[in-house]
file upload-v3.cif (mmCIF, C-alpha atoms)
data_input
loop_
_atom_site.label_atom_id
_atom_site.label_comp_id
_atom_site.auth_asym_id
_atom_site.auth_seq_id
_atom_site.Cartn_x
_atom_site.Cartn_y
_atom_site.Cartn_z
CA MET A 143 0.00 0.00 0.00
CA THR A 144 1.82 2.99 -1.26
CA LYS A 145 2.37 6.13 0.70
CA GLY A 146 1.21 9.10 -1.39
CA PHE A 147 2.81 12.50 -1.48
CA SER A 148 2.58 15.89 -3.16
CA VAL A 149 5.35 17.26 -5.36
CA GLN A 150 5.07 20.47 -3.33
CA ASP A 151 5.63 18.64 -0.04
CA LYS A 152 8.96 19.52 1.63
CA TYR A 153 9.33 15.95 2.91
CA PHE A 154 8.84 14.61 -0.61
CA GLN A 155 11.54 16.93 -1.91
CA LYS A 156 13.88 15.87 0.89
CA ALA A 157 13.19 12.17 0.25
CA LYS A 158 13.88 12.62 -3.44
CA LYS A 159 17.14 14.44 -2.72
CA LEU A 160 18.34 11.71 -0.34
CA GLY A 161 17.30 8.84 -2.61
CA TYR A 162 14.39 7.49 -0.57
CA LEU A 163 11.36 6.12 -2.38
CA ALA A 164 8.73 7.97 -0.29
CA ARG A 165 8.32 10.83 2.20
CA SER A 166 7.06 8.39 4.84
CA VAL A 167 10.66 7.45 5.60
CA PHE A 168 10.86 10.52 7.83
CA LYS A 169 8.04 9.22 10.03
CA LEU A 170 10.09 6.11 10.75
CA GLN A 171 13.21 8.22 11.23
CA GLU A 172 11.41 10.24 13.92
CA ILE A 173 10.16 7.05 15.58
CA GLN A 174 13.69 5.68 15.61
CA GLU A 175 15.14 8.90 17.04
CA LYS A 176 12.62 8.90 19.89
CA PHE A 177 12.22 5.19 20.71
CA ARG A 178 15.41 3.52 19.38
CA ILE A 179 13.56 0.36 18.37
CA LEU A 180 16.02 -0.59 15.61
CA LYS A 181 19.53 -1.83 16.37
CA LYS A 182 22.40 -3.37 14.45
CA GLY A 183 21.85 -7.02 13.57
CA MET A 184 18.08 -7.11 14.09
CA ASN A 185 15.73 -9.08 11.81
CA VAL A 186 12.85 -6.87 10.69
CA LEU A 187 9.47 -7.46 9.02
CA ASP A 188 7.77 -4.52 7.29
CA LEU A 189 4.04 -4.94 6.55
CA GLY A 190 2.58 -2.58 3.96
CA ALA A 191 6.11 -1.90 2.79
CA ALA A 192 5.59 -0.46 -0.72
CA PRO A 193 7.20 1.48 -2.21
CA GLY A 194 10.07 0.57 0.11
CA SER A 195 11.40 3.67 1.85
CA TRP A 196 11.05 2.15 5.33
CA LEU A 197 13.05 -0.88 4.20
CA GLN A 198 15.73 1.45 2.82
CA PHE A 199 16.02 3.22 6.17
CA VAL A 200 15.92 -0.01 8.20
CA ARG A 201 18.79 -1.47 6.16
CA GLU A 202 20.89 1.60 6.94
CA VAL A 203 20.31 1.11 10.68
CA VAL A 204 20.46 -2.68 11.12
CA GLY A 205 23.22 -3.39 8.61
CA ASP A 206 23.74 -5.92 5.84
CA ASN A 207 23.82 -9.04 8.00
CA SER A 208 20.22 -8.71 9.17
CA LYS A 209 17.21 -10.34 7.57
CA LEU A 210 14.73 -7.81 6.15
CA VAL A 211 11.36 -8.90 4.76
CA GLY A 212 8.88 -6.49 3.16
CA VAL A 213 5.25 -7.45 2.51
CA ASP A 214 2.69 -5.63 0.37
CA THR A 215 -0.09 -6.30 -2.13
CA THR A 216 1.92 -4.10 -4.52
CA ASP A 217 5.18 -5.27 -6.06
CA ILE A 218 8.20 -3.65 -4.37
CA GLN A 219 11.14 -2.88 -6.65
CA GLY A 220 14.44 -1.04 -6.63
CA ILE A 221 15.49 -1.57 -3.00
CA GLY A 222 18.33 -4.06 -3.39
CA LYS A 223 18.69 -7.83 -3.63
CA SER A 224 19.52 -8.24 0.06
CA ILE A 225 15.94 -7.37 1.04
CA VAL A 226 13.27 -10.06 0.62
CA THR A 227 9.95 -8.78 -0.72
CA LEU A 228 6.66 -10.67 -0.81
CA GLN A 229 3.55 -9.71 -2.76
CA ILE A 230 0.71 -11.02 -0.61
CA ASN A 231 -2.29 -9.72 1.36
CA ILE A 232 -1.87 -9.77 5.15
CA PHE A 233 -5.28 -11.46 5.45
CA ASP A 234 -4.15 -14.39 3.28
CA GLU A 235 -4.24 -17.50 5.47
CA LYS A 236 -0.90 -18.64 4.01
CA ILE A 237 1.00 -15.49 4.95
CA GLU A 238 2.64 -16.83 8.12
CA SER A 239 4.07 -19.88 6.37
CA VAL A 240 5.19 -17.78 3.37
CA ILE A 241 7.05 -15.37 5.66
CA ARG A 242 8.60 -18.20 7.68
CA GLU A 243 9.95 -19.74 4.49
CA LYS A 244 11.92 -16.53 3.93
CA CYS A 245 13.00 -16.04 7.55
CA ALA A 246 13.06 -19.09 9.78
CA LYS A 247 13.89 -17.02 12.86
CA ARG A 248 11.39 -14.81 14.66
CA PHE A 249 11.65 -11.08 14.01
CA ASP A 250 13.08 -8.60 16.49
CA VAL A 251 10.92 -5.79 15.11
CA ILE A 252 7.71 -5.73 13.09
CA LEU A 253 6.68 -2.49 11.38
CA SER A 254 3.32 -1.64 9.84
CA ASP A 255 2.56 1.51 7.89
CA LEU A 256 -0.59 -0.12 6.51
CA ALA A 257 -3.61 2.07 5.88
CA PRO A 258 -6.99 1.29 4.34
CA LYS A 259 -8.23 2.86 1.14
CA THR A 260 -9.91 5.91 2.57
CA SER A 261 -13.60 6.61 2.02
CA GLY A 262 -13.58 10.16 3.35
CA VAL A 263 -15.84 9.11 6.22
CA LYS A 264 -13.65 9.40 9.31
CA GLU A 265 -15.27 6.66 11.44
CA VAL A 266 -15.45 4.20 8.53
CA ASP A 267 -11.77 4.75 7.78
CA HIS A 268 -10.98 4.43 11.48
CA TYR A 269 -12.75 1.05 11.76
CA ARG A 270 -10.95 -0.24 8.68
CA SER A 271 -7.64 0.95 10.11
CA ILE A 272 -8.30 -0.82 13.41
CA GLU A 273 -9.17 -3.99 11.50
CA LEU A 274 -5.76 -3.83 9.81
CA GLY A 275 -4.10 -3.11 13.16
CA GLU A 276 -5.74 -6.12 14.79
CA ARG A 277 -4.50 -8.36 11.98
CA VAL A 278 -0.98 -6.94 12.36
CA LEU A 279 -1.11 -7.60 16.11
CA GLU A 280 -2.29 -11.15 15.44
CA LEU A 281 0.65 -11.74 13.08
CA ALA A 282 3.07 -10.13 15.51
CA CYS A 283 2.05 -12.57 18.23
CA GLU A 284 3.03 -15.42 15.88
CA LEU A 285 6.16 -13.96 14.30
CA LEU A 286 7.75 -11.66 16.90
CA ALA A 287 10.62 -12.71 19.15
CA LEU A 288 10.33 -12.47 22.93
CA LYS A 289 11.01 -8.87 24.04
CA GLY A 290 10.57 -7.72 20.43
CA SER A 291 9.02 -4.44 19.28
CA LEU A 292 6.04 -3.51 17.12
CA VAL A 293 5.10 -0.30 15.31
CA ILE A 294 1.52 0.02 13.99
CA LYS A 295 -0.08 2.96 12.20
CA VAL A 296 -3.75 3.48 13.07
CA PHE A 297 -6.34 6.16 12.48
CA GLN A 298 -7.68 7.70 15.67
CA GLY A 299 -11.32 7.13 16.60
CA SER A 300 -13.78 5.50 18.98
CA ASP A 301 -12.18 2.01 18.97
CA MET A 302 -8.67 3.29 19.67
CA ASP A 303 -8.76 2.71 23.44
CA ASP A 304 -9.99 -0.88 23.08
CA PHE A 305 -7.26 -1.63 20.56
CA LEU A 306 -4.61 -0.07 22.80
CA ARG A 307 -5.73 -2.35 25.62
CA LYS A 308 -5.14 -5.38 23.39
CA VAL A 309 -1.66 -4.16 22.51
CA LYS A 310 -0.87 -3.57 26.20
CA GLN A 311 -1.83 -7.14 27.01
CA ALA A 312 0.89 -8.36 24.64
CA PHE A 313 3.61 -5.78 25.35
CA LYS A 314 5.09 -4.35 28.54
CA LYS A 315 5.57 -0.82 27.18
CA VAL A 316 3.19 0.97 24.81
CA SER A 317 3.26 4.59 23.56
CA VAL A 318 1.25 6.60 21.04
CA PHE A 319 3.24 8.97 18.84
CA LYS A 320 2.48 11.31 15.94
CA PRO A 321 5.60 12.20 13.95
CA LYS A 322 5.98 15.75 12.64
CA ALA A 323 6.24 14.28 9.14
CA CYS A 324 2.55 13.31 9.30
CA ARG A 325 0.36 15.74 7.40
CA ASP A 326 -1.43 18.27 9.60
CA ARG A 327 -4.87 17.15 8.43
CA SER A 328 -4.10 13.48 9.05
CA PHE A 329 -5.57 11.67 12.06
CA GLU A 330 -3.00 8.88 11.84
CA VAL A 331 -0.82 8.01 14.82
CA TYR A 332 1.72 5.29 15.51
CA ILE A 333 1.53 2.80 18.34
CA ILE A 334 5.04 1.96 19.53
CA ALA A 335 5.01 -1.29 21.53
CA SER A 336 8.12 -2.86 23.03
CA ASN A 337 9.13 -5.79 25.21
CA TYR A 338 6.80 -8.41 23.74
CA ARG A 339 5.58 -10.70 26.52
CA GLY A 340 5.41 -13.82 24.33
#
call {"tool": "encode", "arguments": {"input": "upload-v3.cif", "output": "structure tokens"}}
result
Amino acid sequence: MTKGFSVQDKYFQKAKKLGYLARSVFKLQEIQEKFRILKKGMNVLDLGAAPGSWLQFVREVVGDNSKLVGVDTTDIQGIGKSIVTLQINIFDEKIESVIREKCAKRFDVILSDLAPKTSGVKEVDHYRSIELGERVLELACELLALKGSLVIKVFQGSDMDDFLRKVKQAFKKVSVFKPKACRDRSFEVYIIASNYRG
């Protein structure tokens, strides 16, 4: 699920100048600066990874000896042979086995910048976002290493508190963060969860 941007956007211009595939890279950069979830040698799974800017940034942080897997319904190209990319829907019942074929070990970090196709109706988009978030949490509980970390983008709304409670049951530390790189009109936030209980 690609991350759109405007040609007039300063973050787009900066991303283009630095060779990143999308402006959304700066959201992850801010998350990393504040929470330090990524470290050298970590294995990382990126859900909703297209066009690939988060994977580009993660590779810079974790190094070449880590396993990086990007998943999206859209084909991901131009990010280097050392990164595994899978074109599959996260709701596909085969997804866990497909990912495990590419990385036998559990992941230290799982990232999700997934967002639904927006309808323009805030609550509808919120519910769809929470549905994606719940699926990501479900996958994280199967694929994440003990004490691992999870980053999930969600749209704020009436089900946010209930979803946060579910995340807190699985992780010891949970924060909600809105990077400056998010558009002002956006009601997206990121849930940063660490120390997976297993």
call {"tool": "resolve_selection", "arguments": {"input": "upload-v3.cif", "expression": "the PyMOL selection byres ((chain A and resi 264) around 12)", "output": "number ranges by chain"}}
result
A: 258-263, 265-271, 297-300, 327-330
call {"tool": "resolve_selection", "arguments": {"input": "upload-v3.cif", "expression": "the PyMOL selection byres ((chain A and resi 285) around 8)", "output": "PyMOL selection string"}}
result
chain A and resi 238+248-249+281-284+286-287
call {"tool": "resolve_selection", "arguments": {"input": "upload-v3.cif", "expression": "the PyMOL selection byres ((chain A and resi 216) around 10)", "output": "list in words"}}
result
Met143, Thr144, Gly190, Ala191, Ala192, Pro193, Val213, Asp214, Thr215, Asp217, Ile218, Gln219, Leu228, Gln229, Ile230 and Asn231 of chain A
call {"tool": "write_last_selection", "arguments": {"input": "upload-v3.cif", "atoms": "C-alpha atoms", "output": "PDB file, in the coordinates of the input"}}
result
ATOM      1  CA  MET A 143       0.000   0.000   0.000  1.00  0.00           C
ATOM      2  CA  THR A 144       1.820   2.990  -1.260  1.00  0.00           C
ATOM      3  CA  GLY A 190       2.580  -2.580   3.960  1.00  0.00           C
ATOM      4  CA  ALA A 191       6.110  -1.900   2.790  1.00  0.00           C
ATOM      5  CA  ALA A 192       5.590  -0.460  -0.720  1.00  0.00           C
ATOM      6  CA  PRO A 193       7.200   1.480  -2.210  1.00  0.00           C
ATOM      7  CA  VAL A 213       5.250  -7.450   2.510  1.00  0.00           C
ATOM      8  CA  ASP A 214       2.690  -5.630   0.370  1.00  0.00           C
ATOM      9  CA  THR A 215      -0.090  -6.300  -2.130  1.00  0.00           C
ATOM     10  CA  ASP A 217       5.180  -5.270  -6.060  1.00  0.00           C
ATOM     11  CA  ILE A 218       8.200  -3.650  -4.370  1.00  0.00           C
ATOM     12  CA  GLN A 219      11.140  -2.880  -6.650  1.00  0.00           C
ATOM     13  CA  LEU A 228       6.660 -10.670  -0.810  1.00  0.00           C
ATOM     14  CA  GLN A 229       3.550  -9.710  -2.760  1.00  0.00           C
ATOM     15  CA  ILE A 230       0.710 -11.020  -0.610  1.00  0.00           C
ATOM     16  CA  ASN A 231      -2.290  -9.720   1.360  1.00  0.00           C
TER      17      ASN A 231
END
call {"tool": "closest_residue", "arguments": {"input": "upload-v3.cif", "among": "A:Lys247, A:Lys236, A:Arg307, A:Lys322", "to": "A:Asn185", "atoms": "only C-alpha atoms"}}
result
A:Lys247
call {"tool": "atom_distance", "arguments": {"input": "upload-v3.cif", "atom1": "atom CA of A:Tyr338", "atom2": "atom CA of A:Lys310"}}
result
9.4 Å
call {"tool": "closest_residue", "arguments": {"input": "upload-v3.cif", "among": "A:Cys245, A:Ile237, A:Val200, A:Leu292", "to": "A:Lys314", "atoms": "only C-alpha atoms"}}
result
A:Leu292
call {"tool": "closest_residue", "arguments": {"input": "upload-v3.cif", "among": "A:Ala335, A:Ile179, A:Leu210, A:Ala257", "to": "A:Lys308", "atoms": "all atoms listed in the file"}}
result
A:Ala335
call {"tool": "residues_around", "arguments": {"input": "upload-v3.cif", "residues": "A:Ile221", "least_positions_apart": "2", "cutoff": "10 Å", "atoms": "all atoms listed in the file", "output": "list in words"}}
result
Tyr162, Leu163, Pro193, Gly194, Ser195, Leu197, Gln198, Arg201, Ile218, Gln219, Lys223, Ser224, Ile225, Val226 and Thr227 of chain A
call {"tool": "atom_distance", "arguments": {"input": "upload-v3.cif", "atom1": "atom CA of A:Phe319", "atom2": "atom CA of A:Leu170"}}
result
11.0 Å
call {"tool": "closest_residue", "arguments": {"input": "upload-v3.cif", "among": "A:Lys295, A:Arg325, A:Arg339, A:Lys209", "to": "A:Phe313", "atoms": "only C-alpha atoms"}}
result
A:Arg339
call {"tool": "atom_distance", "arguments": {"input": "upload-v3.cif", "atom1": "atom CA of A:Phe168", "atom2": "atom CA of A:Ala323"}}
result
6.1 Å
call {"tool": "closest_residue", "arguments": {"input": "upload-v3.cif", "among": "A:Asp151, A:Gly220, A:Val309, A:Glu175", "to": "A:Pro321", "atoms": "only C-alpha atoms"}}
result
A:Glu175
call {"tool": "closest_residue", "arguments": {"input": "upload-v3.cif", "among": "A:Gln171, A:Ser254, A:Ser291, A:Asp206", "to": "A:Gly222", "atoms": "all atoms listed in the file"}}
result
A:Asp206
call {"tool": "residues_around", "arguments": {"input": "upload-v3.cif", "residues": "A:Met184", "least_positions_apart": "4", "cutoff": "8 Å", "atoms": "all atoms listed in the file", "output": "list in words"}}
result
Leu180, Val204, Ser208, Lys209, Phe249, Asp250 and Val251 of chain A
call {"tool": "decode", "arguments": {"input": "upload-v3.cif", "residues": "stretch 260-304 of chain A", "atoms": "C-alpha atoms", "output": "mmCIF file, in the first residue's frame"}}
result
data_model
loop_
_atom_site.group_PDB
_atom_site.id
_atom_site.type_symbol
_atom_site.label_atom_id
_atom_site.label_comp_id
_atom_site.auth_asym_id
_atom_site.auth_seq_id
_atom_site.Cartn_x
_atom_site.Cartn_y
_atom_site.Cartn_z
ATOM 1 C CA THR A 260 -9.907 5.911 2.568
ATOM 2 C CA SER A 261 -13.599 6.611 2.021
ATOM 3 C CA GLY A 262 -13.577 10.160 3.347
ATOM 4 C CA VAL A 263 -15.838 9.111 6.216
ATOM 5 C CA LYS A 264 -13.655 9.396 9.307
ATOM 6 C CA GLU A 265 -15.268 6.662 11.442
ATOM 7 C CA VAL A 266 -15.454 4.196 8.532
ATOM 8 C CA ASP A 267 -11.773 4.749 7.777
ATOM 9 C CA HIS A 268 -10.981 4.426 11.484
ATOM 10 C CA TYR A 269 -12.752 1.052 11.761
ATOM 11 C CA ARG A 270 -10.954 -0.240 8.681
ATOM 12 C CA SER A 271 -7.644 0.952 10.105
ATOM 13 C CA ILE A 272 -8.298 -0.820 13.412
ATOM 14 C CA GLU A 273 -9.172 -3.988 11.503
ATOM 15 C CA LEU A 274 -5.761 -3.833 9.809
ATOM 16 C CA GLY A 275 -4.104 -3.107 13.155
ATOM 17 C CA GLU A 276 -5.738 -6.125 14.788
ATOM 18 C CA ARG A 277 -4.500 -8.362 11.981
ATOM 19 C CA VAL A 278 -0.979 -6.944 12.357
ATOM 20 C CA LEU A 279 -1.114 -7.600 16.108
ATOM 21 C CA GLU A 280 -2.288 -11.149 15.442
ATOM 22 C CA LEU A 281 0.646 -11.745 13.075
ATOM 23 C CA ALA A 282 3.073 -10.132 15.514
ATOM 24 C CA CYS A 283 2.046 -12.575 18.231
ATOM 25 C CA GLU A 284 3.028 -15.420 15.878
ATOM 26 C CA LEU A 285 6.165 -13.961 14.300
ATOM 27 C CA LEU A 286 7.746 -11.661 16.896
ATOM 28 C CA ALA A 287 10.619 -12.709 19.147
ATOM 29 C CA LEU A 288 10.331 -12.473 22.927
ATOM 30 C CA LYS A 289 11.009 -8.870 24.035
ATOM 31 C CA GLY A 290 10.574 -7.720 20.429
ATOM 32 C CA SER A 291 9.020 -4.436 19.278
ATOM 33 C CA LEU A 292 6.040 -3.513 17.123
ATOM 34 C CA VAL A 293 5.099 -0.300 15.312
ATOM 35 C CA ILE A 294 1.523 0.020 13.986
ATOM 36 C CA LYS A 295 -0.082 2.958 12.196
ATOM 37 C CA VAL A 296 -3.746 3.482 13.069
ATOM 38 C CA PHE A 297 -6.340 6.164 12.479
ATOM 39 C CA GLN A 298 -7.683 7.702 15.671
ATOM 40 C CA GLY A 299 -11.322 7.129 16.603
ATOM 41 C CA SER A 300 -13.777 5.504 18.977
ATOM 42 C CA ASP A 301 -12.176 2.010 18.966
ATOM 43 C CA MET A 302 -8.669 3.289 19.666
ATOM 44 C CA ASP A 303 -8.761 2.707 23.437
ATOM 45 C CA ASP A 304 -9.987 -0.879 23.075
#
